[in-house]
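A.B. asks: Here you go, target-v3.cif (mmCIF, C-alpha atoms and all ligand atoms):
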data_model
#
loop_
_atom_site.group_PDB
_atom_site.id
_atom_site.type_symbol
_atom_site.label_atom_id
_atom_site.label_comp_id
_atom_site.auth_asym_id
_atom_site.auth_seq_id
_atom_site.Cartn_x
_atom_site.Cartn_y
_atom_site.Cartn_z
ATOM 1 C CA MET A 1 -53.680 -64.875 11.077
ATOM 2 C CA ASN A 2 -53.792 -62.415 13.920
ATOM 3 C CA ASN A 3 -52.817 -59.047 12.495
ATOM 4 C CA PRO A 4 -52.097 -56.260 14.956
ATOM 5 C CA PRO A 5 -54.569 -53.350 14.663
ATOM 6 C CA PRO A 6 -53.405 -50.499 12.408
ATOM 7 C CA THR A 7 -51.892 -47.492 14.122
ATOM 8 C CA VAL A 8 -51.103 -43.952 13.048
ATOM 9 C CA ALA A 9 -47.722 -44.191 11.328
ATOM 10 C CA ASP A 10 -45.882 -42.644 8.406
ATOM 11 C CA ASN A 11 -47.551 -43.355 5.045
ATOM 12 C CA MET A 12 -50.938 -44.023 6.634
ATOM 13 C CA VAL A 13 -54.029 -42.053 5.626
ATOM 14 C CA VAL A 14 -55.637 -40.863 8.852
ATOM 15 C CA SER A 15 -59.283 -39.868 9.213
ATOM 16 C CA LEU A 16 -59.452 -37.559 12.187
ATOM 17 C CA ALA A 17 -62.390 -35.999 13.988
ATOM 18 C CA TYR A 18 -61.305 -32.967 15.977
ATOM 19 C CA VAL A 19 -62.272 -29.850 17.867
ATOM 20 C CA LEU A 20 -59.830 -26.938 17.958
ATOM 21 C CA GLN A 21 -60.092 -24.400 20.769
ATOM 22 C CA LEU A 22 -58.016 -21.403 21.781
ATOM 23 C CA ASP A 23 -57.039 -20.432 25.342
ATOM 24 C CA ASP A 24 -60.299 -18.499 25.700
ATOM 25 C CA GLY A 25 -62.320 -21.644 24.973
ATOM 26 C CA ASN A 26 -63.591 -20.442 21.609
ATOM 27 C CA VAL A 27 -64.024 -23.291 19.138
ATOM 28 C CA ILE A 28 -62.452 -22.049 15.911
ATOM 29 C CA ASP A 29 -62.482 -25.240 13.860
ATOM 30 C CA SER A 30 -63.843 -28.754 14.023
ATOM 31 C CA ALA A 31 -64.565 -31.855 11.978
ATOM 32 C CA GLY A 32 -67.106 -34.489 12.980
ATOM 33 C CA ALA A 33 -66.745 -38.246 12.715
ATOM 34 C CA SER A 34 -69.017 -38.281 9.640
ATOM 35 C CA GLU A 35 -66.833 -35.769 7.767
ATOM 36 C CA PRO A 36 -63.391 -36.155 9.300
ATOM 37 C CA LEU A 37 -60.191 -34.480 8.226
ATOM 38 C CA GLN A 38 -58.236 -36.922 6.066
ATOM 39 C CA TYR A 39 -54.509 -36.459 5.669
ATOM 40 C CA LEU A 40 -51.278 -38.337 5.008
ATOM 41 C CA GLN A 41 -49.259 -38.909 8.182
ATOM 42 C CA GLY A 42 -45.573 -37.968 7.971
ATOM 43 C CA ALA A 43 -45.950 -35.634 4.980
ATOM 44 C CA ASN A 44 -46.367 -32.274 6.754
ATOM 45 C CA ASN A 45 -50.024 -32.138 5.728
ATOM 46 C CA ILE A 46 -51.004 -30.861 9.182
ATOM 47 C CA ILE A 47 -49.217 -28.710 11.754
ATOM 48 C CA PRO A 48 -46.154 -30.481 13.181
ATOM 49 C CA GLY A 49 -47.133 -30.111 16.845
ATOM 50 C CA LEU A 50 -50.304 -32.100 16.237
ATOM 51 C CA GLU A 51 -48.910 -34.650 13.780
ATOM 52 C CA LYS A 52 -46.124 -35.833 16.088
ATOM 53 C CA GLU A 53 -48.569 -36.509 18.960
ATOM 54 C CA LEU A 54 -50.745 -38.839 16.880
ATOM 55 C CA TYR A 55 -48.218 -41.602 16.190
ATOM 56 C CA GLY A 56 -49.319 -44.966 17.575
ATOM 57 C CA MET A 57 -52.995 -44.134 18.001
ATOM 58 C CA GLN A 58 -55.546 -46.752 16.933
ATOM 59 C CA ILE A 59 -59.019 -46.411 15.426
ATOM 60 C CA GLY A 60 -61.348 -45.149 18.145
ATOM 61 C CA ASP A 61 -58.571 -43.654 20.280
ATOM 62 C CA LYS A 62 -59.097 -40.144 21.632
ATOM 63 C CA LYS A 63 -56.520 -37.659 22.850
ATOM 64 C CA ASN A 64 -56.173 -34.050 23.950
ATOM 65 C CA VAL A 65 -53.211 -32.303 22.347
ATOM 66 C CA ASP A 66 -51.961 -28.831 23.264
ATOM 67 C CA VAL A 67 -49.747 -27.222 20.637
ATOM 68 C CA ALA A 68 -47.472 -24.310 21.502
ATOM 69 C CA PRO A 69 -47.277 -21.475 18.953
ATOM 70 C CA ALA A 70 -43.814 -22.542 17.746
ATOM 71 C CA ASP A 71 -45.217 -25.962 16.768
ATOM 72 C CA GLY A 72 -48.424 -24.457 15.406
ATOM 73 C CA TYR A 73 -48.757 -21.293 13.342
ATOM 74 C CA GLY A 74 -45.638 -19.594 14.690
ATOM 75 C CA GLU A 75 -44.919 -16.933 17.260
ATOM 76 C CA TYR A 76 -46.515 -13.552 16.634
ATOM 77 C CA ASP A 77 -43.927 -11.316 14.965
ATOM 78 C CA PRO A 78 -44.692 -7.598 15.460
ATOM 79 C CA GLU A 79 -42.116 -6.810 12.744
ATOM 80 C CA ALA A 80 -43.963 -8.854 10.121
ATOM 81 C CA MET A 81 -45.712 -5.807 8.671
ATOM 82 C CA THR A 82 -45.365 -4.285 5.249
ATOM 83 C CA PHE A 83 -46.581 -0.986 3.796
ATOM 84 C CA VAL A 84 -48.254 -1.028 0.407
ATOM 85 C CA PRO A 85 -49.033 2.306 -1.292
ATOM 86 C CA MET A 86 -52.614 2.937 -2.416
ATOM 87 C CA SER A 87 -51.365 3.154 -6.000
ATOM 88 C CA ALA A 88 -50.683 -0.603 -5.868
ATOM 89 C CA PHE A 89 -54.421 -1.310 -5.617
ATOM 90 C CA PRO A 90 -56.958 -0.976 -8.434
ATOM 91 C CA PRO A 91 -58.861 2.333 -8.104
ATOM 92 C CA ASP A 92 -62.196 0.678 -7.299
ATOM 93 C CA PHE A 93 -60.727 -1.798 -4.809
ATOM 94 C CA GLU A 94 -62.643 -1.790 -1.507
ATOM 95 C CA LEU A 95 -60.258 -2.200 1.403
ATOM 96 C CA GLU A 96 -61.567 -3.296 4.781
ATOM 97 C CA ASP A 97 -59.865 -3.682 8.143
ATOM 98 C CA GLY A 98 -58.836 -7.290 8.714
ATOM 99 C CA MET A 99 -59.505 -8.507 5.197
ATOM 100 C CA GLY A 100 -57.117 -11.095 3.771
ATOM 101 C CA LEU A 101 -55.227 -10.351 0.567
ATOM 102 C CA GLN A 102 -53.339 -12.857 -1.541
ATOM 103 C CA MET A 103 -49.816 -11.635 -2.196
ATOM 104 C CA ARG A 104 -46.904 -13.200 -3.988
ATOM 105 C CA ASP A 105 -43.726 -13.165 -1.909
ATOM 106 C CA SER A 106 -41.109 -11.384 -4.020
ATOM 107 C CA ASN A 107 -38.329 -13.597 -2.650
ATOM 108 C CA SER A 108 -39.811 -17.094 -2.585
ATOM 109 C CA GLY A 109 -42.541 -16.630 -5.196
ATOM 110 C CA GLU A 110 -45.003 -18.304 -2.826
ATOM 111 C CA VAL A 111 -48.527 -16.966 -2.443
ATOM 112 C CA VAL A 112 -49.111 -15.765 1.109
ATOM 113 C CA ILE A 113 -52.167 -14.249 2.761
ATOM 114 C CA ALA A 114 -51.659 -10.823 4.309
ATOM 115 C CA TYR A 115 -54.240 -9.141 6.505
ATOM 116 C CA VAL A 116 -55.131 -5.457 6.424
ATOM 117 C CA GLU A 117 -53.850 -4.052 9.726
ATOM 118 C CA ASP A 118 -54.241 -0.316 9.186
ATOM 119 C CA ILE A 119 -55.707 1.746 6.353
ATOM 120 C CA GLN A 120 -53.919 5.085 5.995
ATOM 121 C CA THR A 121 -54.462 7.926 3.537
ATOM 122 C CA ASP A 122 -51.510 7.067 1.324
ATOM 123 C CA GLY A 123 -51.412 3.307 1.743
ATOM 124 C CA VAL A 124 -52.122 0.213 3.749
ATOM 125 C CA VAL A 125 -50.191 -1.602 6.472
ATOM 126 C CA LEU A 126 -50.419 -5.351 5.906
ATOM 127 C CA ASN A 127 -49.856 -7.912 8.666
ATOM 128 C CA LEU A 128 -48.018 -10.994 7.423
ATOM 129 C CA ASN A 129 -48.574 -13.064 10.583
ATOM 130 C CA HIS A 130 -50.893 -16.051 10.301
ATOM 131 C CA PRO A 131 -54.177 -15.161 12.075
ATOM 132 C CA LEU A 132 -53.411 -17.912 14.611
ATOM 133 C CA ALA A 133 -49.778 -16.886 15.179
ATOM 134 C CA GLY A 134 -48.945 -16.649 18.887
ATOM 135 C CA GLN A 135 -51.910 -18.813 19.882
ATOM 136 C CA THR A 136 -51.677 -22.042 21.845
ATOM 137 C CA LEU A 137 -53.924 -24.565 20.106
ATOM 138 C CA HIS A 138 -55.991 -27.060 22.083
ATOM 139 C CA PHE A 139 -57.109 -30.069 20.052
ATOM 140 C CA GLN A 140 -59.469 -32.855 21.060
ATOM 141 C CA VAL A 141 -58.955 -35.558 18.467
ATOM 142 C CA LYS A 142 -60.404 -38.974 17.701
ATOM 143 C CA VAL A 143 -59.028 -41.376 15.103
ATOM 144 C CA VAL A 144 -62.006 -42.395 12.960
ATOM 145 C CA ASP A 145 -60.275 -44.530 10.340
ATOM 146 C CA LEU A 146 -56.861 -45.608 9.111
ATOM 147 C CA ARG A 147 -55.694 -47.062 5.813
ATOM 148 C CA PRO A 148 -52.372 -47.419 4.020
ATOM 149 C CA ALA A 149 -51.749 -44.707 1.424
ATOM 150 C CA THR A 150 -51.633 -45.705 -2.248
ATOM 151 C CA ASP A 151 -48.377 -45.465 -4.212
ATOM 152 C CA GLU A 152 -49.795 -42.474 -6.071
ATOM 153 C CA GLU A 153 -50.688 -40.695 -2.843
ATOM 154 C CA LEU A 154 -47.190 -41.303 -1.489
ATOM 155 C CA ALA A 155 -45.677 -39.941 -4.708
ATOM 156 C CA HIS A 156 -47.811 -36.795 -4.461
ATOM 157 C CA GLY A 157 -47.383 -36.358 -0.698
ATOM 158 C CA HIS A 158 -51.120 -35.940 -0.079
ATOM 159 C CA ILE A 159 -54.278 -38.002 -0.158
ATOM 160 C CA HIS A 160 -56.630 -38.469 -3.086
ATOM 161 C CA ASP A 161 -60.164 -38.324 -1.835
ATOM 162 C CA GLY A 162 -62.061 -39.688 -4.805
ATOM 163 C CA HIS A 163 -60.550 -37.296 -7.317
ATOM 164 C CA THR A 164 -57.186 -37.354 -9.016
ATOM 165 C CA HIS A 165 -54.938 -34.433 -9.677
HETATM 166 ZN ZN ZN B 1 -52.161 -35.645 -5.933
#
Written as structure tokens, that's how I'd like the structure from this file.
Ligand code: ZN
C.D. replies:
Amino acid sequence: MNNPPPTVADNMVVSLAYVLQLDDGNVIDSAGASEPLQYLQGANNIIPGLEKELYGMQIGDKKNVDVAPADGYGEYDPEAMTFVPMSAFPPDFELEDGMGLQMRDSNSGEVVIAYVEDIQTDGVVLNLNHPLAGQTLHFQVKVVDLRPATDEELAHGHIHDGHTH
């Protein structure tokens, strides 16, 4: 039997070492080969602009992938600001510029992170953009391991790394 080597494909669990840099060269995230990112290919576990470039790669393959904002964390939307009155915060709450606050979206019910943009006397302007919105992402990736997902992982749409849930 001469099986072809596994490749990155839908329903495969991919172990990925990576370095993520911005245009200015700053490394903002990384995972080494000994503790790679593990995710389920084809299940929107990672940003679409990266996922689509990984199809067909084999164990040991390396690649540089540039992801435009639209395929990453979105374009920066200057309108995505909301004003929250001080009375909405507990009296002893300590607000800081740039801090992230968990908020529940009143329309979708989803929990989103909003960032404190401006603290004013009567309230706070929150920025709803992802901190990486508007940024082009530069990934250097290496496929460390590949395995088929289990039926349970496929049913859940994510991997189970030694613990069930
Ligand atoms: Zn699960």
A.B. asks: Can you measure CA of Arg147 in chain A to CA of Leu40 in chain A for me? One decimal in Å is fine.
C.D. replies: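 Between CA of Arg147 in chain A and CA of Leu40 in chain A the gap works out to 9.8 Å.
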A.B. asks: Take the PyMOL selection byres (((not hetatm)) within 8 of (chain B and resi 1)), run it mentally on this structure, and tell me the resulting residues as a PyMOL selection string.
C.D. replies: chain A and resi 152-153+155-160+164-165
A.B. asks: Expressed in Å to a single decimal, how great is the separation between CA of Ser15 in chain A and CA of Gly74 in chain A?
C.D. replies: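 CA of Gly74 in chain A lies at a distance of 25.0 Å from CA of Ser15 in chain A.
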A.B. asks: Between A:Leu146, A:Met81, A:Val67, A:Leu37, which is the closest to Gln21 in chain A once you count all atoms listed in the file?
C.D. replies: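 Ranking A:Leu146, A:Met81, A:Val67, A:Leu37 by distance to Gln21 in chain A, first place goes to A:Val67.
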A.B. asks: Please determine, counting all atoms listed in the file, which residue among A:Asp145, A:Asp97, A:Glu75, A:Asp24 has the shortest atom-to-atom distance to Pro6 in chain A.
C.D. replies: A:Asp145
A.B. asks: Using all atoms listed in the file, find the one residue out of A:Val143, A:Val8, A:Val65, A:Ile119 that sits nearest to Ala31 in chain A.
C.D. replies: A:Val143
A.B. asks: How many Å separate CA of Glu117 in chain A from CA of Gly98 in chain A?
C.D. replies: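 Computed distance, CA of Glu117 in chain A to CA of Gly98 in chain A, equals 6.0 Å.
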A.B. asks: Can you patch up range 78-95 of chain A, filling it in to N, CA, C and O atoms, and show the result as a compact mmCIF listing (two decimals), keeping the file's coordinate frame?
C.D. replies:
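Saved the output as result-v6.txt:
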# COMPACT_ATOMS: atom_id res chain seq x y z
N PRO A 78 -44.21 -8.97 15.67
CA PRO A 78 -44.69 -7.60 15.46
C PRO A 78 -44.00 -6.89 14.30
O PRO A 78 -44.49 -5.88 13.81
N GLU A 79 -42.84 -7.43 13.86
CA GLU A 79 -42.12 -6.81 12.74
C GLU A 79 -42.65 -7.26 11.38
O GLU A 79 -42.24 -6.72 10.36
N ALA A 80 -43.50 -8.29 11.39
CA ALA A 80 -43.96 -8.85 10.12
C ALA A 80 -45.09 -8.01 9.54
O ALA A 80 -46.23 -8.43 9.40
N MET A 81 -44.77 -6.76 9.25
CA MET A 81 -45.71 -5.81 8.67
C MET A 81 -45.08 -5.24 7.41
O MET A 81 -43.86 -5.10 7.32
N THR A 82 -45.90 -4.92 6.45
CA THR A 82 -45.36 -4.28 5.25
C THR A 82 -46.33 -3.21 4.79
O THR A 82 -47.55 -3.33 4.95
N PHE A 83 -45.77 -2.11 4.26
CA PHE A 83 -46.58 -0.99 3.80
C PHE A 83 -46.75 -1.08 2.28
O PHE A 83 -45.78 -1.27 1.55
N VAL A 84 -47.98 -1.00 1.84
CA VAL A 84 -48.25 -1.03 0.41
C VAL A 84 -48.96 0.27 0.04
O VAL A 84 -50.00 0.61 0.63
N PRO A 85 -48.39 1.04 -0.92
CA PRO A 85 -49.03 2.31 -1.29
C PRO A 85 -50.39 2.08 -1.97
O PRO A 85 -50.60 1.05 -2.61
N MET A 86 -51.28 3.04 -1.80
CA MET A 86 -52.61 2.94 -2.42
C MET A 86 -52.53 2.71 -3.92
O MET A 86 -53.38 2.04 -4.51
N SER A 87 -51.48 3.26 -4.55
CA SER A 87 -51.36 3.15 -6.00
C SER A 87 -51.18 1.70 -6.46
O SER A 87 -51.37 1.39 -7.63
N ALA A 88 -50.85 0.81 -5.51
CA ALA A 88 -50.68 -0.60 -5.87
C ALA A 88 -52.02 -1.32 -6.02
O ALA A 88 -52.07 -2.44 -6.52
N PHE A 89 -53.10 -0.68 -5.55
CA PHE A 89 -54.42 -1.31 -5.62
C PHE A 89 -55.21 -0.73 -6.79
O PHE A 89 -55.04 0.45 -7.13
N PRO A 90 -56.07 -1.53 -7.39
CA PRO A 90 -56.96 -0.98 -8.43
C PRO A 90 -57.81 0.14 -7.84
O PRO A 90 -58.14 0.10 -6.65
N PRO A 91 -58.16 1.16 -8.65
CA PRO A 91 -58.86 2.33 -8.10
C PRO A 91 -60.19 2.00 -7.42
O PRO A 91 -60.56 2.66 -6.46
N ASP A 92 -60.89 0.98 -7.89
CA ASP A 92 -62.20 0.68 -7.30
C ASP A 92 -62.12 -0.41 -6.23
O ASP A 92 -63.13 -0.95 -5.81
N PHE A 93 -60.90 -0.73 -5.79
CA PHE A 93 -60.73 -1.80 -4.81
C PHE A 93 -61.24 -1.35 -3.44
O PHE A 93 -60.89 -0.27 -2.97
N GLU A 94 -62.08 -2.16 -2.80
CA GLU A 94 -62.64 -1.79 -1.51
C GLU A 94 -61.88 -2.46 -0.38
O GLU A 94 -62.02 -3.65 -0.15
N LEU A 95 -61.07 -1.68 0.30
CA LEU A 95 -60.26 -2.20 1.40
C LEU A 95 -61.06 -2.18 2.69
O LEU A 95 -61.80 -1.24 2.96
